[in-house]
Amino acid sequence: MTQHTAEVGAVASASAPWAIRMRDVSVRYPNGVVALKSISMDIEPGEMVSVVGLSGSGKSSLIRTINGLVPITSGQLTVGGHRLGEAKGRELRRLRGEVGMIFQGFNLAGRTSVLNNVLVGRLAHTPTWRTLLGLHTTADRQIAFDALERVGILAKAWDRASSLSGGQQQRVAIARALSQEPHLVLADEPVASLDPPTAHAVMRDLRRINTELGITVLTNLHLVDLAREYGTRLIGLRAGEVVYDGSVDDASDAVFEEIYGRSIRAEDVLDR
Amino acid sequence: MTAPASVPAPAATAKAAASAAATPPPRPAGRWKPWLAFGVIAVITAVTLSPQLGIAFSLDAIARNWQNGAAKIVQLLQPDWSFFPRTIPPMLETLEMAVIATAVSTLIALPLSLWAARLTNPHWVGRGIVRVILNIVRAVPELLYAAILVAMVGVGALPGILALVLFNVGIIVKLVSEAIESNDAGPLEAARAAGGTQAQINRAVALPDVWPSFVNQVLYVLELNVRSGTVLGLVGAGGIGLLIDAVRTYFRYDQLSVIILEVLVVVILLELVSSAIRKRLV
């Protein structure tokens, strides 16, 4: 236990991308549904991974176990030196503070400003009393502005989040994740609610996070062409099991058909 | 209607369906239920009207006392305007009580509302305690609170304010916590994923989204307070109600009508102001 905490401290102090180690990780929901069946994989620091599978394949559960939104039932999961499952309360929040997450539905507080939404990314690094009084430090604001600048919507900082288009809202969500200064970014179907040109723009933003900042990025996708274009590694899930894990370059149509358990259809690609 | 013995070709089925009259699916059962409900209501009404079981009221009293009633109405229709200046200080006191009670209950109700909603308080024990206490608080009418509090702290505006605060907290927490439950859980999940504590999540994400409905309920409660505040004085809890009680005791219906008109004007003005504010809330 002492050795473990020492390790955590060492990893957290270094601003390096994080690795994910999974050993026989299973997730069983209280209603009896088994979402993940004994999954083992290693994701190395700085990788850009696409996780593909049909809806219900467990890819959303997989990504949510990594920041503890979904608790694991059995197995071992280590994220940047933190052991999930053991981490509770303050330690779990500290882990989450280092992991950015992007959602399909953007998940912005619509009635407040873009800036306030981006500042949500600073919660884990802010004392509760400061948040309650709404007193953000100048340093935090600067981090938020820099994050907005990186995704190209700094001009919208004072606008109401709900007044933005879908693509702009997803960029605010990316800025929120970036303001965490994360070691790892998780994206759960980040472009499923966007039109094709916007989807590509958002995927390019995610790729830039990986290439320019060196952050490990894990993206859930169900579209074959996006997974091929923006990932370097592909993990295929079917019914809670890993059915493919390898380079994107080796992932032929046959591989996707194996992952999906059926032939590739028009709805499985973004650009027809 | 029934499955054919042999499965015909699709074209044949379509043709058959087009030529034959369409057979609707069987109607759902339970069409008698509204009639049953109507019958139950009729029986209950009949029972309560019966002299042996019910409250034994009759309309005779109106017929017997109509002259008396008519005289009161004539008096009410002739307001004693000279009485108006004397009504101003107690009316102001009622308004002050309403404003103070609204302000205090707002401060109390905001954290309790977040505490009483599932989205902003995942711990069912704490949530349950808040809900049970507030259900009890809401069950008691504000006039009864006022009567008890007058006995406890003495005649004046203070028991009136306390009674209104109890009444307001019950209403605001119920309506606002329901508004929170109907909000989208996504932004809260995002804040949780970013490592916020529940208090931080509530402040940074839940509060902005529930703010308009919170302000809306506060305005509603302010209106209610002006209305209720006028009668709390009947039990000694301050405001214009004390004056209403006095003029009523001396059968000064000409003065009472001045007060009634004044309350009417104040309530209408307040409604105009609050609906103007509401329109700006989105």
# chains A, B, ... in the order shown; residues from 1 in each chain; ligands from 1
call {"tool": "interface_residues", "arguments": {"of": "chain A", "to": "chain B", "cutoff": "6 Å", "atoms": "only C-alpha atoms", "output": "mmCIF file with N, CA and C atoms, in the first residue's frame"}}
result
data_model
loop_
_atom_site.group_PDB
_atom_site.id
_atom_site.type_symbol
_atom_site.label_atom_id
_atom_site.label_comp_id
_atom_site.auth_asym_id
_atom_site.auth_seq_id
_atom_site.Cartn_x
_atom_site.Cartn_y
_atom_site.Cartn_z
ATOM 1 N N ARG A 93 -10.913 10.976 -7.294
ATOM 2 C CA ARG A 93 -11.119 12.302 -7.899
ATOM 3 C C ARG A 93 -9.815 12.849 -8.456
ATOM 4 N N ARG A 96 -9.243 11.126 -11.700
ATOM 5 C CA ARG A 96 -10.141 11.675 -12.724
ATOM 6 C C ARG A 96 -9.672 13.045 -13.187
ATOM 7 N N GLY A 97 -9.122 13.802 -12.248
ATOM 8 C CA GLY A 97 -8.627 15.133 -12.594
ATOM 9 C C GLY A 97 -7.519 15.097 -13.627
ATOM 10 N N ASN A 107 -22.271 17.309 -23.292
ATOM 11 C CA ASN A 107 -22.427 17.423 -21.835
ATOM 12 C C ASN A 107 -21.937 18.749 -21.260
ATOM 13 N N LEU A 108 -22.356 19.839 -21.908
ATOM 14 C CA LEU A 108 -22.038 21.161 -21.373
ATOM 15 C C LEU A 108 -23.221 21.659 -20.549
ATOM 16 N N ALA A 109 -22.937 22.500 -19.558
ATOM 17 C CA ALA A 109 -24.016 23.188 -18.842
ATOM 18 C C ALA A 109 -24.474 24.321 -19.764
ATOM 19 N N ARG A 111 -26.690 26.677 -19.821
ATOM 20 C CA ARG A 111 -27.120 28.024 -19.446
ATOM 21 C C ARG A 111 -25.988 28.882 -18.927
ATOM 22 N N THR A 112 -24.787 28.349 -18.874
ATOM 23 C CA THR A 112 -23.689 29.184 -18.412
ATOM 24 C C THR A 112 -22.685 29.402 -19.547
ATOM 25 N N GLY A 121 -13.142 21.813 -16.061
ATOM 26 C CA GLY A 121 -11.947 20.977 -16.158
ATOM 27 C C GLY A 121 -10.937 21.237 -15.057
ATOM 28 N N LEU A 123 -11.833 21.637 -11.843
ATOM 29 C CA LEU A 123 -12.445 21.325 -10.537
ATOM 30 C C LEU A 123 -11.516 20.536 -9.620
ATOM 31 N N ALA A 124 -10.874 19.499 -10.174
ATOM 32 C CA ALA A 124 -10.056 18.632 -9.325
ATOM 33 C C ALA A 124 -8.827 19.361 -8.793
ATOM 34 N N THR A 128 -12.688 23.323 -2.823
ATOM 35 C CA THR A 128 -14.142 23.395 -2.935
ATOM 36 C C THR A 128 -14.669 24.795 -2.621
ATOM 37 N N THR A 131 -14.634 27.033 -5.619
ATOM 38 C CA THR A 131 -15.677 26.719 -6.589
ATOM 39 C C THR A 131 -17.020 27.249 -6.095
ATOM 40 N N LEU A 132 -17.313 27.019 -4.796
ATOM 41 C CA LEU A 132 -18.613 27.426 -4.263
ATOM 42 C C LEU A 132 -18.801 28.939 -4.384
#
call {"tool": "select_by_dssp", "arguments": {"residues": "segment 72-155 of chain A", "states": "strand (DSSP E)", "output": "PyMOL selection string"}}
result
chain A and resi 74-79+82-83+99-102
call {"tool": "closest_residue", "arguments": {"among": "A:Arg160, A:Leu36, A:Gln169, A:Met48", "to": "Ser247 of chain A", "atoms": "only C-alpha atoms"}}
result
A:Met48
call {"tool": "select_by_dssp", "arguments": {"residues": "segment 19-221 of chain B", "states": "helix (DSSP H, G or I)", "output": "ChimeraX atom specification"}}
result
/B:19,33-49,60-64,66-76,81-116,124-139,142-153,157-181,186-193,198-221
call {"tool": "write_last_selection", "arguments": {"atoms": "C-alpha atoms", "output": "short mmCIF file (atom, residue, chain, number, x, y, z; two decimals), in the first residue's frame"}}
result
data_model
loop_
_atom_site.label_atom_id
_atom_site.label_comp_id
_atom_site.auth_asym_id
_atom_site.auth_seq_id
_atom_site.Cartn_x
_atom_site.Cartn_y
_atom_site.Cartn_z
CA SER B 19 -60.21 -5.84 -50.80
CA LYS B 33 -62.96 2.40 -15.25
CA PRO B 34 -63.95 6.06 -15.81
CA TRP B 35 -67.59 5.11 -15.06
CA LEU B 36 -66.53 3.39 -11.86
CA ALA B 37 -64.60 6.50 -10.80
CA PHE B 38 -67.62 8.66 -11.56
CA GLY B 39 -69.83 6.33 -9.51
CA VAL B 40 -67.45 6.41 -6.53
CA ILE B 41 -67.41 10.22 -6.57
CA ALA B 42 -71.23 10.32 -6.71
CA VAL B 43 -71.54 7.94 -3.75
CA ILE B 44 -69.04 9.93 -1.65
CA THR B 45 -70.91 13.16 -2.43
CA ALA B 46 -74.25 11.60 -1.47
CA VAL B 47 -72.82 10.26 1.80
CA THR B 48 -71.30 13.60 2.83
CA LEU B 49 -74.58 15.40 2.06
CA ASP B 60 -81.33 27.50 4.42
CA ALA B 61 -78.92 29.80 6.22
CA ILE B 62 -78.50 31.91 3.11
CA ALA B 63 -82.27 32.27 2.72
CA ARG B 64 -82.79 33.06 6.42
CA TRP B 66 -80.13 37.23 3.23
CA GLN B 67 -81.12 40.64 4.60
CA ASN B 68 -78.17 40.60 6.96
CA GLY B 69 -75.84 39.58 4.10
CA ALA B 70 -77.23 42.24 1.80
CA ALA B 71 -76.57 44.93 4.39
CA LYS B 72 -72.92 43.83 4.64
CA ILE B 73 -72.56 43.91 0.89
CA VAL B 74 -73.98 47.45 0.78
CA GLN B 75 -71.45 48.49 3.43
CA LEU B 76 -68.61 46.83 1.53
CA TRP B 81 -61.57 56.26 1.94
CA SER B 82 -60.65 58.39 4.93
CA PHE B 83 -59.45 55.15 6.54
CA PHE B 84 -56.83 54.66 3.81
CA PRO B 85 -53.86 56.47 5.48
CA ARG B 86 -54.15 54.23 8.53
CA THR B 87 -53.79 51.11 6.39
CA ILE B 88 -50.46 52.12 4.88
CA PRO B 89 -48.06 51.29 7.77
CA PRO B 90 -49.50 47.77 8.37
CA MET B 91 -49.58 47.13 4.61
CA LEU B 92 -45.91 48.07 4.43
CA GLU B 93 -45.26 45.76 7.35
CA THR B 94 -46.91 42.89 5.47
CA LEU B 95 -44.75 43.63 2.40
CA GLU B 96 -41.62 43.76 4.55
CA MET B 97 -42.52 40.45 6.17
CA ALA B 98 -43.03 38.92 2.73
CA VAL B 99 -39.69 40.20 1.42
CA ILE B 100 -37.70 39.19 4.52
CA ALA B 101 -39.30 35.73 4.62
CA THR B 102 -38.59 35.24 0.90
CA ALA B 103 -34.95 36.25 1.31
CA VAL B 104 -34.35 34.04 4.33
CA SER B 105 -36.11 31.02 2.85
CA THR B 106 -34.20 31.43 -0.42
CA LEU B 107 -30.92 31.08 1.45
CA ILE B 108 -32.16 28.01 3.32
CA ALA B 109 -33.91 26.39 0.37
CA LEU B 110 -31.08 26.54 -2.18
CA PRO B 111 -28.75 24.02 -0.51
CA LEU B 112 -31.70 21.89 0.63
CA SER B 113 -33.05 21.72 -2.95
CA LEU B 114 -29.72 20.37 -4.18
CA TRP B 115 -29.73 17.97 -1.25
CA ALA B 116 -33.21 16.68 -1.98
CA TRP B 124 -30.22 8.17 -0.61
CA VAL B 125 -30.01 8.41 3.19
CA GLY B 126 -29.33 12.15 3.32
CA ARG B 127 -31.81 12.73 0.52
CA GLY B 128 -34.47 10.70 2.30
CA ILE B 129 -34.01 12.60 5.56
CA VAL B 130 -34.38 15.98 3.84
CA ARG B 131 -37.45 14.81 1.94
CA VAL B 132 -39.22 13.36 4.98
CA ILE B 133 -38.60 16.46 7.10
CA LEU B 134 -39.84 18.73 4.33
CA ASN B 135 -42.94 16.62 3.75
CA ILE B 136 -43.80 17.09 7.42
CA VAL B 137 -43.03 20.82 7.23
CA ARG B 138 -45.28 21.15 4.17
CA ALA B 139 -48.15 19.27 5.80
CA GLU B 142 -48.86 28.46 7.50
CA LEU B 143 -51.73 29.90 9.56
CA LEU B 144 -51.28 27.12 12.09
CA TYR B 145 -47.52 27.77 12.22
CA ALA B 146 -48.29 31.43 12.87
CA ALA B 147 -50.75 30.63 15.66
CA ILE B 148 -48.24 28.35 17.40
CA LEU B 149 -45.32 30.76 16.89
CA VAL B 150 -47.32 33.69 18.28
CA ALA B 151 -47.76 31.66 21.44
CA MET B 152 -44.04 30.90 21.47
CA VAL B 153 -42.41 34.24 20.59
CA ALA B 157 -44.01 40.44 12.72
CA LEU B 158 -41.44 37.86 13.88
CA PRO B 159 -43.80 34.87 14.23
CA GLY B 160 -45.32 35.86 10.87
CA ILE B 161 -41.92 35.86 9.18
CA LEU B 162 -40.97 32.52 10.76
CA ALA B 163 -44.27 30.96 9.67
CA LEU B 164 -43.75 32.20 6.11
CA VAL B 165 -40.16 30.90 6.05
CA LEU B 166 -41.29 27.39 7.04
CA PHE B 167 -44.05 27.49 4.44
CA ASN B 168 -41.69 28.82 1.71
CA VAL B 169 -38.84 26.39 2.28
CA GLY B 170 -41.28 23.49 1.88
CA ILE B 171 -42.57 24.82 -1.44
CA ILE B 172 -39.26 25.94 -2.97
CA VAL B 173 -37.41 22.74 -2.12
CA LYS B 174 -40.16 20.56 -3.56
CA LEU B 175 -40.50 22.47 -6.83
CA VAL B 176 -36.80 23.16 -7.37
CA SER B 177 -35.64 19.62 -6.55
CA GLU B 178 -38.19 18.36 -9.08
CA ALA B 179 -36.80 20.81 -11.63
CA ILE B 180 -33.29 19.47 -10.94
CA GLU B 181 -34.46 15.89 -11.53
CA GLY B 186 -24.83 14.55 -18.88
CA PRO B 187 -23.13 17.77 -17.73
CA LEU B 188 -22.99 16.42 -14.18
CA GLU B 189 -21.34 13.24 -15.41
CA ALA B 190 -18.78 15.35 -17.27
CA ALA B 191 -17.97 17.30 -14.10
CA ARG B 192 -17.70 14.05 -12.16
CA ALA B 193 -15.36 12.68 -14.83
CA GLN B 198 -20.35 16.60 -5.40
CA ALA B 199 -20.46 20.12 -3.94
CA GLN B 200 -18.28 21.44 -6.77
CA ILE B 201 -20.34 19.64 -9.40
CA ASN B 202 -23.55 21.09 -7.97
CA ARG B 203 -22.18 24.60 -7.87
CA ALA B 204 -20.38 24.61 -11.23
CA VAL B 205 -22.83 22.63 -13.37
CA ALA B 206 -26.17 21.88 -11.67
CA LEU B 207 -26.77 25.38 -10.31
CA PRO B 208 -26.49 27.30 -13.60
CA ASP B 209 -28.94 24.90 -15.24
CA VAL B 210 -31.52 25.08 -12.45
CA TRP B 211 -31.11 28.81 -11.76
CA PRO B 212 -34.02 30.08 -13.89
CA SER B 213 -36.51 27.69 -12.31
CA PHE B 214 -35.15 28.56 -8.89
CA VAL B 215 -35.67 32.30 -9.45
CA ASN B 216 -39.10 31.49 -10.84
CA GLN B 217 -40.12 29.65 -7.66
CA VAL B 218 -38.72 32.43 -5.49
CA LEU B 219 -40.88 35.00 -7.28
CA TYR B 220 -43.89 32.70 -6.95
CA VAL B 221 -43.24 32.36 -3.23
#
call {"tool": "residues_around", "arguments": {"residues": "Arg21 of chain A", "least_positions_apart": "2", "cutoff": "8 Å", "atoms": "only C-alpha atoms", "output": "list in words"}}
result
Ala19, Arg23, Ser40, Met41, Asp42, Ile43, Gln76, Leu77, Thr78 and Val79 of chain A
call {"tool": "residues_around", "arguments": {"residues": "Val231 of chain B", "least_positions_apart": "3", "cutoff": "9 Å", "atoms": "only C-alpha atoms", "output": "short mmCIF file (atom, residue, chain, number, x, y, z; two decimals) with N, CA and C atoms, in the first residue's frame"}}
result
data_model
loop_
_atom_site.label_atom_id
_atom_site.label_comp_id
_atom_site.auth_asym_id
_atom_site.auth_seq_id
_atom_site.Cartn_x
_atom_site.Cartn_y
_atom_site.Cartn_z
N LEU B 143 -50.96 29.21 8.54
CA LEU B 143 -51.73 29.90 9.56
C LEU B 143 -51.56 29.21 10.93
N ARG B 227 -49.94 37.43 -0.21
CA ARG B 227 -51.30 36.95 0.02
C ARG B 227 -51.47 36.38 1.42
N SER B 228 -50.59 35.41 1.77
CA SER B 228 -50.71 34.77 3.09
C SER B 228 -50.44 35.77 4.19
N LEU B 234 -54.41 37.80 11.53
CA LEU B 234 -55.64 37.37 12.20
C LEU B 234 -55.33 36.55 13.44
N VAL B 235 -54.18 35.88 13.45
CA VAL B 235 -53.79 35.13 14.65
C VAL B 235 -52.70 35.88 15.42
N ALA B 237 -49.97 37.53 14.08
CA ALA B 237 -48.61 37.44 13.55
C ALA B 237 -48.24 38.63 12.66
N GLY B 239 -48.53 42.55 10.53
CA GLY B 239 -48.97 42.95 9.21
C GLY B 239 -50.39 43.45 9.18
N ILE B 240 -50.95 43.57 7.98
CA ILE B 240 -52.27 44.16 7.79
C ILE B 240 -53.38 43.29 8.37
N GLY B 241 -53.07 42.02 8.61
CA GLY B 241 -54.06 41.11 9.18
C GLY B 241 -54.55 41.56 10.55
N LEU B 242 -53.64 42.17 11.33
CA LEU B 242 -54.04 42.69 12.64
C LEU B 242 -55.13 43.73 12.48
N ILE B 244 -57.13 44.04 9.83
CA ILE B 244 -58.33 43.36 9.33
C ILE B 244 -59.13 42.81 10.50
N ASP B 245 -58.42 42.20 11.43
CA ASP B 245 -59.06 41.62 12.60
C ASP B 245 -59.79 42.70 13.41
#
call {"tool": "residues_around", "arguments": {"residues": "Gly68 of chain A", "least_positions_apart": "5", "cutoff": "8 Å", "atoms": "only C-alpha atoms", "output": "short mmCIF file (atom, residue, chain, number, x, y, z; two decimals) with N, CA and C atoms, in the first residue's frame"}}
result
data_model
loop_
_atom_site.label_atom_id
_atom_site.label_comp_id
_atom_site.auth_asym_id
_atom_site.auth_seq_id
_atom_site.Cartn_x
_atom_site.Cartn_y
_atom_site.Cartn_z
N LEU A 84 -7.35 1.27 -10.23
CA LEU A 84 -8.79 1.46 -10.18
C LEU A 84 -9.40 0.33 -9.35
N GLY A 85 -10.52 0.60 -8.71
CA GLY A 85 -11.13 -0.42 -7.87
C GLY A 85 -10.71 -0.20 -6.42
N LEU A 92 -9.63 8.83 -6.09
CA LEU A 92 -10.32 8.62 -7.37
C LEU A 92 -10.54 9.96 -8.07
N ARG A 96 -9.24 11.13 -11.70
CA ARG A 96 -10.14 11.67 -12.72
C ARG A 96 -9.67 13.05 -13.19
#
